[in-house]
Every structure is written in C-alpha cells, then in structure tokens.
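So the structure is just underneath, and the comments pick up after that.
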Amino acid sequence: MRIGHGYDVHKLTEGRALILGGVKIAHTKGLLGHSDADVLVHAVMDSILGAAALGDIGQLFPDNDPEFKGADSIKLLKKVCAVLEDSGYRIVNIDSTVIAQEPKLKSYIPAMRENISKACKIALHDVSVKATTEERLGFTGRCEGIAAHAVCLIDKI
C-alpha cells in the first residue's frame, strides 16, 4: 500500500464560475486558473499521482498547453485514474478537505463525493470530502482564494 498527498490553491476572481468537486457552486466569484481551476479535484489528482510516484498534474496537463484551457477537471481526473490503472495500481480510498471561508459547502458535498467516486470508479463510501474555514485568518479567511488538501491510499491491482 502507498499513500499520496495533494494540495492546490487558486485565487478567487470576478467573472468565473466556482467549480469544486465538479459541482458548480452558487457564489459571486470563481477560481482563476488555466482549466476550470477546481482546487478539490486538482488536489485529489495530485494525491493519486503522488501515491504512485507518477509526478503531478502539471506534468500531465501543463498550464501552458491550449488543449487544457478551460478543461473540465473531472475529465482530467478520469485520465489520471487511467494512468494509475495502467501503472498497476488501484485506489483504496480518498480523503479531502476544502478550505474556504465562503461559500458554505455542506449542501454540495454529496454531489462532490459522487462526482469523484464515479470519475475514479470507486465506491462512494471510499471518498470523503470535508470543508472548513480558517476563522477569517490567512488568504482563505480573507476570501482571497480557496485551497484543498487530499490524501489517497492505493495498492497493487
């Protein structure tokens, strides 16, 4: 068994949709990035790749490649899972945390879990998504951006 950790952060900005876990979240701002800037899915992808020592999402999906401009991160997650399987591994479970002062995410978490579990072809009970604030401290607490951490346990097929 192997474990991997992923982390991502993006700046909040006007004029973009807020996508987390493949779910469009009702909010006045969205995350700035080359793709859809889904920090949760990006952290999950890096945790999967890290667990198998397969690099990171920047290597697979460079942010200067026009092919990935505005990309749907759930589709990229499916590609990461295919790479993992081709390397002889399977996901055991994923645990993740979104760090955002606002908006409140509790009602969106079931859909996020479902999107991630379907993309990874694993059971819903093997995907955990949590959300927390930082009590108005730091860049997330000042609503300047959103961050996410994820860990993934894998084993050989």
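Numbering starts fresh at 1 for the residues of each chain in the structure tokens, the chains themselves are lettered A, B, ... in the order given, and ligands are numbered from 1 as they appear.
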
Test item: residues at most 9 Å from stretch 39-54 of chain A, only C-alpha atoms, excluding those fewer than 2 positions along its chain, as a ChimeraX atom specification
/A:1-10,19-22,31,36-37,56-57,73-74,76-77,80-81,83-84,87,89,91,94-98,116,129,146-155

Based on DSSP run over this structure's backbone, return all residues of stretch 3-94 of chain A in helix (DSSP H, G or I), as a ChimeraX atom specification.
/A:39-51,57-60,66-68,73-86

Separation of atom CA of A:Ala82 from atom CA of A:His125 in Å
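Atom CA of A:Ala82 lies 20.6 Å from atom CA of A:His125.
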
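Shortest separation to A:Leu124 among A:Arg136, A:Ile109, A:Arg16, A:Ile157 occurs at residue A:Ile109, atoms counted being only C-alpha atoms.
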
Could you find all residues in chain A that DSSP calls strand (DSSP E) from the backbone, and write them as a PyMOL selection string?
chain A and resi 2-13+18-20+23-25+30-31+89-99+127-132+145-156

Residues within 9 Å of stretch 104-107 of chain A, please, as a PyMOL selection string. Count only C-alpha atoms; anything in the same chain fewer than 2 positions from it doesn't count.
chain A and resi 25+98+100-102+109-111+130-133

Calculate how many Å separate atom CA of A:Ala119 from atom CA of A:Ile99, rounding to one decimal.
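According to the coordinates, atom CA of A:Ala119 and atom CA of A:Ile99 are separated by 22.2 Å.
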
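In this model, the gap between atom CA of A:Gly30 and atom CA of A:Gly145 comes to 9.1 Å.
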